[in-house]
2 protein chains.
Amino acid sequence: MTRVARQVKALTFDVFGTVVDWRGSIIAEGRKLGRRKRIAADWAGPVTTADWAAVADAWRAGYRPAMDRVRRGELPWTNIDGLHRRILDELLTRFRIEGLTEAEKTYFNRAWHRLAPWKDSVAGLKRLKKKYVIATLSNGNVALLTNMAKHAGLPWDCVLSAELFGHYKPDPEAYLGAARLLGLEPGEVMMVAAHKDDLDAAARTGLRTALVRRPMEFGAKQDVPPEARFDFNAKDFVDLARQLGC
Amino acid sequence: MTRVARQVKALTFDVFGTVVDWRGSIIAEGRKLGRRKRIAADWAGPVTTADWAAVADAWRAGYRPAMDRVRRGELPWTNIDGLHRRILDELLTRFRIEGLTEAEKTYFNRAWHRLAPWKDSVAGLKRLKKKYVIATLSNGNVALLTNMAKHAGLPWDCVLSAELFGHYKPDPEAYLGAARLLGLEPGEVMMVAAHKDDLDAAARTGLRTALVRRPMEFGAKQDVPPEARFDFNAKDFVDLARQLGC
């Protein structure tokens, strides 16, 4: 086991894309909604997987600019449920998805509370949890992360969220706030994420870093090469557990 | 099942005394420390259980006044680890406990991270978790609650603490903050506690209430009569699970 693996006491996890497959899950929820509501009327043909993939991708693509508006102070603090709903309302118009009741919109918006884990996530987290405190550190709000954990069986020791700090990642307050709440020095915390910008921001605040490759996050397989600047590079959570001696 | 049991979505738990036996645990940690360090020299005789019970009781008795100083603004926000340490330092002088290194003091102060659950706590929480979101709502800090859960096997969905709100219970901000973070209306959250003042404060903010009787919290058995003003009165967590149809 490396020196870093011994110094680290807690692992904080990015969630969307790293722990759960947001894209596949949103597509599946969209298809269910489409079948139930026969949402094909305003489309060129029957609702296909590809259509809902476009919705999922557009929903996710709206997320970073919406957060950036909060980060720049153009919007007051709005949690991810609120940002997702703002984006959804635009998408319903853009994709001409009509006839949804308010309750159905609310339910669809909460699809983000029901995302499915990658197939190694639960097994890997259970191994990592034996040795480390494992916590979320997501831009998702606490309720979203809590409901998702219950739905997906994610065995977090603690649910930490940008919402607790009033700062979205990659603001340094989010990473430093997590270390503070865990009662640890930044160097005793390791950020685990599939996204290099998240890890680079964590490293700038003194956290350790582990890249977990999720080549299918955006649909078509993408190559995510390992990077020597991260403390660990792993192909999934089970591989990370192995590398950390769990 | 009652109407209240159906409306409630999440249970928030007081921890010290309600979930864990702080007194028995601190006495046991004190005795271990005493044996290891032969802390008897400055006492009238060998260290007895009764001596460490006096330390435990004095430690706990110092907690409410210390929090009240924070609540009145006489002290800046200080988490429970910090308040426990302030009190411990006074007690080491008062009880003439000498010869502890800084590392030993830190370790003893963190005895509050290692408190043992009442014997029904884990089994009851596992049952309650099947149907409800279960979260702490304690004045203990996040790190303390997270470490305690790991040590004692408490299966929380989410760790909520006064620390997240900058307000100790019974300030209303703590109860309302918990409901907000859980994405619920106050009436969808039920506070579970062994202490009537905690439940009364929760009820004033609109939360539902369940009294769990812990007659041994303070050592000699105390009668804790049920009160009709609470939504539920239970003799332990397993009884509460039964009453809630879990």
# chains A, B, ... in the order shown; residues from 1 in each chain; ligands from 1
call {"tool": "residues_around", "arguments": {"residues": "Val189 in chain A", "least_positions_apart": "6", "cutoff": "8 Å", "atoms": "only C-alpha atoms", "output": "VMD selection string"}}
result
chain A and resid 8 to 12 179 207 to 208
call {"tool": "write_last_selection", "arguments": {"atoms": "all heavy atoms", "output": "PDB file, in the first residue's frame"}}
result
ATOM      1  N   VAL A   8      -4.568   8.831   3.728  1.00  0.00           N
ATOM      2  CA  VAL A   8      -5.959   9.201   3.458  1.00  0.00           C
ATOM      3  C   VAL A   8      -6.884   8.516   4.463  1.00  0.00           C
ATOM      4  O   VAL A   8      -6.708   7.346   4.778  1.00  0.00           O
ATOM      5  CB  VAL A   8      -6.312   8.811   2.003  1.00  0.00           C
ATOM      6  CG1 VAL A   8      -7.806   8.800   1.781  1.00  0.00           C
ATOM      7  CG2 VAL A   8      -5.631   9.774   1.029  1.00  0.00           C
ATOM      8  N   LYS A   9      -7.861   9.289   4.983  1.00  0.00           N
ATOM      9  CA  LYS A   9      -8.828   8.740   5.941  1.00  0.00           C
ATOM     10  C   LYS A   9     -10.228   8.646   5.327  1.00  0.00           C
ATOM     11  O   LYS A   9     -11.046   7.847   5.765  1.00  0.00           O
ATOM     12  CB  LYS A   9      -8.913   9.650   7.181  1.00  0.00           C
ATOM     13  CG  LYS A   9      -7.596   9.867   7.909  1.00  0.00           C
ATOM     14  CD  LYS A   9      -7.203   8.659   8.723  1.00  0.00           C
ATOM     15  CE  LYS A   9      -6.078   8.968   9.699  1.00  0.00           C
ATOM     16  NZ  LYS A   9      -4.832   9.407   9.029  1.00  0.00           N
ATOM     17  N   ALA A  10     -10.496   9.536   4.374  1.00  0.00           N
ATOM     18  CA  ALA A  10     -11.846   9.579   3.794  1.00  0.00           C
ATOM     19  C   ALA A  10     -11.752   9.730   2.287  1.00  0.00           C
ATOM     20  O   ALA A  10     -10.843  10.396   1.775  1.00  0.00           O
ATOM     21  CB  ALA A  10     -12.643  10.747   4.383  1.00  0.00           C
ATOM     22  N   LEU A  11     -12.694   9.106   1.606  1.00  0.00           N
ATOM     23  CA  LEU A  11     -12.827   9.257   0.156  1.00  0.00           C
ATOM     24  C   LEU A  11     -14.119  10.029  -0.116  1.00  0.00           C
ATOM     25  O   LEU A  11     -15.177   9.668   0.406  1.00  0.00           O
ATOM     26  CB  LEU A  11     -12.911   7.892  -0.523  1.00  0.00           C
ATOM     27  CG  LEU A  11     -11.806   6.887  -0.195  1.00  0.00           C
ATOM     28  CD1 LEU A  11     -12.077   5.551  -0.900  1.00  0.00           C
ATOM     29  CD2 LEU A  11     -10.444   7.427  -0.613  1.00  0.00           C
ATOM     30  N   THR A  12     -14.011  11.092  -0.911  1.00  0.00           N
ATOM     31  CA  THR A  12     -15.209  11.840  -1.302  1.00  0.00           C
ATOM     32  C   THR A  12     -15.441  11.606  -2.792  1.00  0.00           C
ATOM     33  O   THR A  12     -14.504  11.680  -3.593  1.00  0.00           O
ATOM     34  CB  THR A  12     -15.049  13.340  -1.013  1.00  0.00           C
ATOM     35  OG1 THR A  12     -13.847  13.815  -1.617  1.00  0.00           O
ATOM     36  CG2 THR A  12     -15.004  13.594   0.492  1.00  0.00           C
ATOM     37  N   ALA A 179     -13.653  18.598   3.758  1.00  0.00           N
ATOM     38  CA  ALA A 179     -12.584  18.198   4.692  1.00  0.00           C
ATOM     39  C   ALA A 179     -12.895  18.711   6.101  1.00  0.00           C
ATOM     40  O   ALA A 179     -12.764  17.977   7.088  1.00  0.00           O
ATOM     41  CB  ALA A 179     -11.235  18.721   4.214  1.00  0.00           C
ATOM     42  N   LEU A 207      -6.456  18.318  -1.657  1.00  0.00           N
ATOM     43  CA  LEU A 207      -6.973  16.959  -1.577  1.00  0.00           C
ATOM     44  C   LEU A 207      -6.144  16.023  -2.454  1.00  0.00           C
ATOM     45  O   LEU A 207      -5.527  16.453  -3.422  1.00  0.00           O
ATOM     46  CB  LEU A 207      -8.452  16.904  -2.034  1.00  0.00           C
ATOM     47  CG  LEU A 207      -9.525  17.093  -0.965  1.00  0.00           C
ATOM     48  CD1 LEU A 207      -9.444  18.485  -0.361  1.00  0.00           C
ATOM     49  CD2 LEU A 207     -10.925  16.856  -1.533  1.00  0.00           C
ATOM     50  N   ARG A 208      -6.172  14.761  -2.115  1.00  0.00           N
ATOM     51  CA  ARG A 208      -5.628  13.717  -2.964  1.00  0.00           C
ATOM     52  C   ARG A 208      -6.653  13.394  -4.044  1.00  0.00           C
ATOM     53  O   ARG A 208      -7.831  13.747  -3.906  1.00  0.00           O
ATOM     54  CB  ARG A 208      -5.311  12.467  -2.131  1.00  0.00           C
ATOM     55  CG  ARG A 208      -4.224  12.713  -1.085  1.00  0.00           C
ATOM     56  CD  ARG A 208      -2.935  13.115  -1.757  1.00  0.00           C
ATOM     57  NE  ARG A 208      -1.818  13.198  -0.812  1.00  0.00           N
ATOM     58  CZ  ARG A 208      -0.559  13.252  -1.205  1.00  0.00           C
ATOM     59  NH1 ARG A 208      -0.255  13.255  -2.502  1.00  0.00           N
ATOM     60  NH2 ARG A 208       0.405  13.342  -0.318  1.00  0.00           N
TER      61      ARG A 208
END
call {"tool": "interface_residues", "arguments": {"of": "chain B", "to": "chain A", "cutoff": "6 Å", "atoms": "only C-alpha atoms", "output": "PyMOL selection string"}}
result
chain B and resi 142-143+158-159+181-183
call {"tool": "atom_distance", "arguments": {"atom1": "CA of Asn139 in chain B", "atom2": "CA of Pro170 in chain B"}}
result
9.3 Å
call {"tool": "select_by_dssp", "arguments": {"residues": "range 86-175 of chain B", "states": "strand (DSSP E)", "output": "list in words"}}
result
Val133, Ile134, Ala135, Thr136, Leu137, Ser138, Cys158, Val159, Leu160 and Ser161 of chain B
call {"tool": "decode", "arguments": {"residues": "range 93-104 of chain B", "atoms": "all heavy atoms", "output": "tab-separated table (two decimals), in the first residue's frame"}}
result
chain	number	residue	atom	x	y	z
B	93	THR	N	-8.57	19.30	35.39
B	93	THR	CA	-8.11	20.05	36.56
B	93	THR	C	-8.97	19.72	37.78
B	93	THR	O	-8.45	19.36	38.85
B	93	THR	CB	-8.19	21.57	36.27
B	93	THR	OG1	-7.44	21.84	35.09
B	93	THR	CG2	-7.65	22.38	37.44
B	94	ARG	N	-10.30	19.79	37.58
B	94	ARG	CA	-11.20	19.59	38.72
B	94	ARG	C	-11.03	18.21	39.35
B	94	ARG	O	-11.02	18.07	40.57
B	94	ARG	CB	-12.65	19.80	38.28
B	94	ARG	CG	-13.54	19.84	39.50
B	94	ARG	CD	-15.05	19.78	39.33
B	94	ARG	NE	-15.63	20.26	38.10
B	94	ARG	CZ	-16.87	19.92	37.75
B	94	ARG	NH1	-17.61	19.14	38.52
B	94	ARG	NH2	-17.39	20.37	36.62
B	95	PHE	N	-10.89	17.18	38.50
B	95	PHE	CA	-10.76	15.81	39.01
B	95	PHE	C	-9.30	15.40	39.21
B	95	PHE	O	-9.00	14.26	39.49
B	95	PHE	CB	-11.48	14.84	38.08
B	95	PHE	CG	-12.99	14.89	38.17
B	95	PHE	CD1	-13.74	15.76	37.39
B	95	PHE	CD2	-13.66	14.07	39.09
B	95	PHE	CE1	-15.12	15.81	37.49
B	95	PHE	CE2	-15.04	14.11	39.19
B	95	PHE	CZ	-15.78	14.98	38.39
B	96	ARG	N	-8.42	16.35	39.03
B	96	ARG	CA	-6.98	16.12	39.19
B	96	ARG	C	-6.51	14.88	38.42
B	96	ARG	O	-5.85	14.00	38.95
B	96	ARG	CB	-6.61	16.02	40.68
B	96	ARG	CG	-6.75	17.36	41.38
B	96	ARG	CD	-6.26	17.29	42.81
B	96	ARG	NE	-7.04	16.33	43.59
B	96	ARG	CZ	-6.62	15.72	44.70
B	96	ARG	NH1	-5.41	15.95	45.16
B	96	ARG	NH2	-7.40	14.88	45.33
B	97	ILE	N	-6.91	14.86	37.13
B	97	ILE	CA	-6.44	13.79	36.24
B	97	ILE	C	-5.22	14.33	35.52
B	97	ILE	O	-5.33	15.24	34.69
B	97	ILE	CB	-7.55	13.39	35.24
B	97	ILE	CG1	-8.77	12.86	36.00
B	97	ILE	CG2	-7.04	12.37	34.22
B	97	ILE	CD1	-10.01	12.66	35.15
B	98	GLU	N	-4.06	13.83	35.91
B	98	GLU	CA	-2.81	14.42	35.42
B	98	GLU	C	-2.00	13.43	34.59
B	98	GLU	O	-2.26	12.24	34.61
B	98	GLU	CB	-1.99	14.93	36.60
B	98	GLU	CG	-2.67	16.15	37.25
B	98	GLU	CD	-2.07	16.53	38.60
B	98	GLU	OE1	-1.12	15.87	39.05
B	98	GLU	OE2	-2.59	17.51	39.18
B	99	GLY	N	-1.05	13.99	33.88
B	99	GLY	CA	-0.09	13.15	33.16
B	99	GLY	C	-0.56	12.68	31.80
B	99	GLY	O	0.05	11.79	31.22
B	100	LEU	N	-1.63	13.28	31.27
B	100	LEU	CA	-2.07	12.89	29.93
B	100	LEU	C	-1.31	13.70	28.89
B	100	LEU	O	-1.17	14.92	29.02
B	100	LEU	CB	-3.58	13.14	29.74
B	100	LEU	CG	-4.55	12.38	30.64
B	100	LEU	CD1	-5.98	12.59	30.15
B	100	LEU	CD2	-4.22	10.90	30.68
B	101	THR	N	-0.85	13.01	27.86
B	101	THR	CA	-0.25	13.72	26.73
B	101	THR	C	-1.36	14.38	25.92
B	101	THR	O	-2.54	14.05	26.07
B	101	THR	CB	0.51	12.75	25.81
B	101	THR	OG1	-0.46	11.86	25.23
B	101	THR	CG2	1.57	11.95	26.57
B	102	GLU	N	-0.96	15.29	25.03
B	102	GLU	CA	-1.94	15.93	24.16
B	102	GLU	C	-2.67	14.87	23.32
B	102	GLU	O	-3.88	14.93	23.13
B	102	GLU	CB	-1.25	16.97	23.27
B	102	GLU	CG	-2.15	17.67	22.27
B	102	GLU	CD	-3.35	18.37	22.91
B	102	GLU	OE1	-3.23	18.88	24.05
B	102	GLU	OE2	-4.42	18.40	22.27
B	103	ALA	N	-1.92	13.89	22.83
B	103	ALA	CA	-2.55	12.83	22.01
B	103	ALA	C	-3.56	12.04	22.84
B	103	ALA	O	-4.62	11.65	22.33
B	103	ALA	CB	-1.48	11.89	21.45
B	104	GLU	N	-3.27	11.81	24.11
B	104	GLU	CA	-4.21	11.07	24.97
B	104	GLU	C	-5.46	11.88	25.26
B	104	GLU	O	-6.57	11.35	25.32
B	104	GLU	CB	-3.51	10.65	26.27
B	104	GLU	CG	-2.52	9.51	26.04
B	104	GLU	CD	-1.55	9.29	27.20
B	104	GLU	OE1	-1.35	10.23	28.01
B	104	GLU	OE2	-0.99	8.19	27.29
